[in-house]
Amino acid sequence: MQNYQKTIFGNFVQWILFFVSHIIYTMRMVKGSFAKCIYREQALNARKGRRENLTAVKGISGVYWDRGGRPVNEDSLTLQQVMTARGRVWMMAVSDGIGGLSQGEIASGYILEKLVENFYAQMVSLVARGKGQKPLEKSLLRCFYSMNGELRRYASGKGISLGATVSLLFVWERRYLVFHLGDSRIYLCRRGKRKLLTGDHSDGGHGIFRCMGSFPFQYPDIRCGRIYGKCGFLLCTDGFYRTLDGEDLGILSPGEVESGEQAEKRLRALGALARKRGEQDNLSAVYAIV
């Protein structure tokens, strides 16, 4: 009986350790309740109104998150995908805490946390109900407005200044929607060419003049478009792209990336190349083929 109890206890401990390690892998929580990287594969059964894990819905995608030469990584990123009756829905975003201000990791982590909440609470439902682009834009604008207000109230209460960039890509039914503030970037990769979908809200690298949390609400840049053929999207912070050129990013051509593992391997190679060229900032990137 004693040996049997030990076996049960041992199996229970192993199960707990596995569960905890799985949560750490998928969520990569690093500071309080703020997720630095949220990476899920889920399917949504729209008719029955329930979510369930389903590895089969996973597309080709990868993430890269490195603190570079800094003591703290103030970047946050997320990659979400859900399968609905109307097809796969993606949301990807990167956020970079503003250098020189306080608690950049808190600002970027909060932004990503709220975007993920909004994605599952509203965006997926809007797509599943056949709503068009305007309701999706309104949902994101309300979310951006709320986040900016909460960050400013938090900073005022602490007597500090904080802020973060945010670049978000939402993909549904072969269409994409971009919301952008700051100097992180979103690239569209297709047939060996790259197209920059965002503009840098910075004055030559000396400061950010549009971001989340540092100013009264600023209307984000909004861009939409159709997706033709096999396309890849790269979202990255300035530490990742600053020392790289178009030729370097060519290894992310969607025709040459055949798996998620290969995507992450190539992101790591680009990150290593940036570090080799002297980049000391945090480096973060999300890549997906849709």
# chains A, B, ... in the order shown; residues from 1 in each chain; ligands from 1
call {"tool": "closest_atom_pairs", "arguments": {"of": "segment 70-118 of chain A", "to": "segment 151-165 of chain A", "cutoff": "8 Å", "atoms": "only C-alpha atoms", "output": "JSON lines"}}
result
{"residue": "A:Val94", "atom": "CA", "partner": "A:Thr165", "partner_atom": "CA", "distance": 7.9}
{"residue": "A:Ser95", "atom": "CA", "partner": "A:Thr165", "partner_atom": "CA", "distance": 5.1}
{"residue": "A:Asp96", "atom": "CA", "partner": "A:Thr165", "partner_atom": "CA", "distance": 5.1}
{"residue": "A:Gly97", "atom": "CA", "partner": "A:Ala164", "partner_atom": "CA", "distance": 4.1}
{"residue": "A:Ile98", "atom": "CA", "partner": "A:Ala164", "partner_atom": "CA", "distance": 5.0}
{"residue": "A:Leu101", "atom": "CA", "partner": "A:Leu162", "partner_atom": "CA", "distance": 5.1}
{"residue": "A:Ser102", "atom": "CA", "partner": "A:Leu162", "partner_atom": "CA", "distance": 5.2}
{"residue": "A:Gln103", "atom": "CA", "partner": "A:Leu162", "partner_atom": "CA", "distance": 6.4}
{"residue": "A:Gly104", "atom": "CA", "partner": "A:Leu162", "partner_atom": "CA", "distance": 6.3}
{"residue": "A:Ala107", "atom": "CA", "partner": "A:Gly163", "partner_atom": "CA", "distance": 5.9}
{"residue": "A:Ser108", "atom": "CA", "partner": "A:Ala164", "partner_atom": "CA", "distance": 5.6}
call {"tool": "write_last_selection", "arguments": {"atoms": "all heavy atoms", "output": "compact mmCIF listing (two decimals), in the first residue's frame"}}
result
# COMPACT_ATOMS: atom_id res chain seq x y z
N VAL A 94 3.18 43.15 -32.14
CA VAL A 94 4.41 43.39 -31.38
C VAL A 94 4.29 44.75 -30.71
O VAL A 94 3.63 45.66 -31.22
CB VAL A 94 5.68 43.34 -32.27
CG1 VAL A 94 5.90 41.95 -32.83
CG2 VAL A 94 5.60 44.37 -33.39
N SER A 95 4.91 44.88 -29.55
CA SER A 95 4.90 46.13 -28.81
C SER A 95 6.26 46.30 -28.15
O SER A 95 6.80 45.36 -27.58
CB SER A 95 3.79 46.11 -27.75
OG SER A 95 3.75 47.34 -27.03
N ASP A 96 6.79 47.51 -28.23
CA ASP A 96 8.14 47.81 -27.74
C ASP A 96 8.05 48.96 -26.73
O ASP A 96 7.65 50.07 -27.08
CB ASP A 96 9.02 48.21 -28.93
CG ASP A 96 10.45 48.56 -28.53
OD1 ASP A 96 10.78 48.47 -27.34
OD2 ASP A 96 11.22 48.94 -29.43
N GLY A 97 8.39 48.67 -25.47
CA GLY A 97 8.39 49.71 -24.45
C GLY A 97 9.35 50.84 -24.82
O GLY A 97 10.46 50.59 -25.29
N ILE A 98 8.92 52.08 -24.64
CA ILE A 98 9.72 53.22 -25.07
C ILE A 98 10.97 53.36 -24.20
O ILE A 98 10.89 53.45 -22.97
CB ILE A 98 8.89 54.52 -25.00
CG1 ILE A 98 7.63 54.39 -25.86
CG2 ILE A 98 9.74 55.71 -25.44
CD1 ILE A 98 7.88 54.12 -27.31
N LEU A 101 11.88 55.77 -20.81
CA LEU A 101 10.73 55.92 -19.93
C LEU A 101 10.66 54.74 -18.97
O LEU A 101 11.34 53.73 -19.14
CB LEU A 101 9.44 56.01 -20.75
CG LEU A 101 9.35 57.16 -21.75
CD1 LEU A 101 7.97 57.17 -22.41
CD2 LEU A 101 9.63 58.50 -21.10
N SER A 102 9.83 54.86 -17.97
CA SER A 102 9.75 53.83 -16.93
C SER A 102 8.90 52.64 -17.36
O SER A 102 7.97 52.78 -18.16
CB SER A 102 9.14 54.44 -15.65
OG SER A 102 9.89 55.51 -15.17
N GLN A 103 9.24 51.47 -16.86
CA GLN A 103 8.40 50.27 -16.94
C GLN A 103 7.90 49.96 -18.34
O GLN A 103 6.71 49.71 -18.57
CB GLN A 103 7.22 50.40 -15.97
CG GLN A 103 7.65 50.59 -14.52
CD GLN A 103 6.49 50.64 -13.55
OE1 GLN A 103 5.38 50.24 -13.87
NE2 GLN A 103 6.75 51.11 -12.34
N GLY A 104 8.82 49.98 -19.30
CA GLY A 104 8.44 49.67 -20.67
C GLY A 104 7.87 48.28 -20.82
O GLY A 104 6.96 48.06 -21.64
N ALA A 107 4.19 48.39 -19.84
CA ALA A 107 3.35 49.00 -20.88
C ALA A 107 3.11 48.05 -22.04
O ALA A 107 1.97 47.83 -22.47
CB ALA A 107 4.01 50.29 -21.37
N SER A 108 4.18 47.46 -22.56
CA SER A 108 4.02 46.57 -23.72
C SER A 108 3.26 45.31 -23.35
O SER A 108 2.43 44.82 -24.12
CB SER A 108 5.39 46.22 -24.32
OG SER A 108 6.14 45.40 -23.44
call {"tool": "residues_around", "arguments": {"residues": "Glu258 of chain A", "least_positions_apart": "5", "cutoff": "12 Å", "atoms": "only C-alpha atoms", "output": "PDB file with N, CA, C and O atoms, in the first residue's frame"}}
result
ATOM      1  N   GLY A  59      -1.053  26.875 -38.543  1.00  0.00           N
ATOM      2  CA  GLY A  59      -0.440  27.180 -39.824  1.00  0.00           C
ATOM      3  C   GLY A  59       1.061  27.295 -39.660  1.00  0.00           C
ATOM      4  O   GLY A  59       1.627  26.975 -38.616  1.00  0.00           O
ATOM      5  N   ILE A  60       1.727  27.759 -40.709  1.00  0.00           N
ATOM      6  CA  ILE A  60       3.170  27.949 -40.633  1.00  0.00           C
ATOM      7  C   ILE A  60       3.446  29.297 -39.987  1.00  0.00           C
ATOM      8  O   ILE A  60       3.072  30.342 -40.528  1.00  0.00           O
ATOM      9  N   SER A  61       4.080  29.280 -38.845  1.00  0.00           N
ATOM     10  CA  SER A  61       4.331  30.522 -38.116  1.00  0.00           C
ATOM     11  C   SER A  61       5.483  30.315 -37.149  1.00  0.00           C
ATOM     12  O   SER A  61       5.866  29.188 -36.836  1.00  0.00           O
ATOM     13  N   GLY A  62       6.029  31.425 -36.678  1.00  0.00           N
ATOM     14  CA  GLY A  62       7.115  31.357 -35.716  1.00  0.00           C
ATOM     15  C   GLY A  62       7.282  32.685 -34.997  1.00  0.00           C
ATOM     16  O   GLY A  62       6.819  33.727 -35.483  1.00  0.00           O
ATOM     17  N   LYS A 230       0.073  32.994 -51.870  1.00  0.00           N
ATOM     18  CA  LYS A 230       0.753  32.637 -50.626  1.00  0.00           C
ATOM     19  C   LYS A 230       1.577  33.825 -50.144  1.00  0.00           C
ATOM     20  O   LYS A 230       2.508  34.261 -50.814  1.00  0.00           O
ATOM     21  N   GLY A 232       3.527  35.934 -46.737  1.00  0.00           N
ATOM     22  CA  GLY A 232       4.064  35.902 -45.389  1.00  0.00           C
ATOM     23  C   GLY A 232       4.015  37.297 -44.792  1.00  0.00           C
ATOM     24  O   GLY A 232       4.163  38.293 -45.508  1.00  0.00           O
ATOM     25  N   ILE A 251      15.273  35.553 -46.760  1.00  0.00           N
ATOM     26  CA  ILE A 251      15.151  34.156 -46.310  1.00  0.00           C
ATOM     27  C   ILE A 251      13.758  33.867 -45.748  1.00  0.00           C
ATOM     28  O   ILE A 251      13.428  32.715 -45.474  1.00  0.00           O
ATOM     29  N   LEU A 252      12.944  34.915 -45.596  1.00  0.00           N
ATOM     30  CA  LEU A 252      11.575  34.722 -45.106  1.00  0.00           C
ATOM     31  C   LEU A 252      10.554  34.694 -46.243  1.00  0.00           C
ATOM     32  O   LEU A 252       9.354  34.793 -45.994  1.00  0.00           O
ATOM     33  N   SER A 253      11.022  34.550 -47.471  1.00  0.00           N
ATOM     34  CA  SER A 253      10.099  34.414 -48.597  1.00  0.00           C
ATOM     35  C   SER A 253       9.197  33.203 -48.348  1.00  0.00           C
ATOM     36  O   SER A 253       9.686  32.110 -48.044  1.00  0.00           O
ATOM     37  N   ALA A 263      10.607  28.390 -39.865  1.00  0.00           N
ATOM     38  CA  ALA A 263      10.362  29.822 -39.695  1.00  0.00           C
ATOM     39  C   ALA A 263      11.102  30.346 -38.467  1.00  0.00           C
ATOM     40  O   ALA A 263      11.762  31.396 -38.521  1.00  0.00           O
ATOM     41  N   GLU A 264      11.007  29.636 -37.361  1.00  0.00           N
ATOM     42  CA  GLU A 264      11.672  30.093 -36.138  1.00  0.00           C
ATOM     43  C   GLU A 264      13.197  30.023 -36.281  1.00  0.00           C
ATOM     44  O   GLU A 264      13.915  30.890 -35.774  1.00  0.00           O
ATOM     45  N   LYS A 265      13.683  29.004 -36.989  1.00  0.00           N
ATOM     46  CA  LYS A 265      15.120  28.900 -37.212  1.00  0.00           C
ATOM     47  C   LYS A 265      15.633  30.099 -37.998  1.00  0.00           C
ATOM     48  O   LYS A 265      16.707  30.658 -37.693  1.00  0.00           O
ATOM     49  N   ARG A 266      14.876  30.541 -38.995  1.00  0.00           N
ATOM     50  CA  ARG A 266      15.309  31.680 -39.809  1.00  0.00           C
ATOM     51  C   ARG A 266      15.179  33.002 -39.041  1.00  0.00           C
ATOM     52  O   ARG A 266      15.993  33.901 -39.226  1.00  0.00           O
ATOM     53  N   ALA A 288       4.325  34.762 -40.025  1.00  0.00           N
ATOM     54  CA  ALA A 288       3.285  33.772 -40.342  1.00  0.00           C
ATOM     55  C   ALA A 288       3.012  33.788 -41.836  1.00  0.00           C
ATOM     56  O   ALA A 288       3.023  34.835 -42.481  1.00  0.00           O
ATOM     57  N   ILE A 289       2.756  32.605 -42.376  1.00  0.00           N
ATOM     58  CA  ILE A 289       2.351  32.451 -43.764  1.00  0.00           C
ATOM     59  C   ILE A 289       0.860  32.186 -43.780  1.00  0.00           C
ATOM     60  O   ILE A 289       0.369  31.268 -43.117  1.00  0.00           O
TER      61      ILE A 289
END
call {"tool": "select_by_dssp", "arguments": {"residues": "segment 137-218 of chain A", "states": "strand (DSSP E or B)", "output": "NGL selection string"}}
result
:A and (164 or 166-172 or 175-181 or 185-190 or 193-196 or 202 or 208 or 212)
call {"tool": "closest_residue", "arguments": {"among": "A:Arg223, A:Arg277, A:Arg210, A:Lys134", "to": "Gly182 of chain A", "atoms": "only C-alpha atoms"}}
result
A:Arg210
call {"tool": "closest_residue", "arguments": {"among": "A:Val286, A:Met92, A:Ile227, A:Ala85", "to": "Arg129 of chain A", "atoms": "only C-alpha atoms"}}
result
A:Ala85
call {"tool": "atom_distance", "arguments": {"atom1": "atom CA of Tyr145 of chain A", "atom2": "atom CA of Asp238 of chain A"}}
result
23.9 Å
call {"tool": "atom_distance", "arguments": {"atom1": "atom CA of Gly68 of chain A", "atom2": "atom CA of Asn282 of chain A"}}
result
4.8 Å
call {"tool": "select_by_dssp", "arguments": {"residues": "segment 53-289 of chain A", "states": "alpha helix (DSSP H)", "output": "VMD selection string"}}
result
chain A and resid 104 to 118 124 to 128 133 to 158 238 to 241 246 to 249 260 to 276
call {"tool": "residues_around", "arguments": {"residues": "Asp281 of chain A", "least_positions_apart": "3", "cutoff": "9 Å", "atoms": "only C-alpha atoms", "output": "PyMOL selection string"}}
result
chain A and resi 67-70+73+238-240+275
call {"tool": "closest_residue", "arguments": {"among": "A:Asp183, A:Leu177, A:Glu105, A:Pro216", "to": "Ser202 of chain A", "atoms": "only C-alpha atoms"}}
result
A:Asp183
call {"tool": "closest_residue", "arguments": {"among": "A:Thr237, A:Leu249, A:Gly213, A:Val89", "to": "Leu283 of chain A", "atoms": "only C-alpha atoms"}}
result
A:Thr237
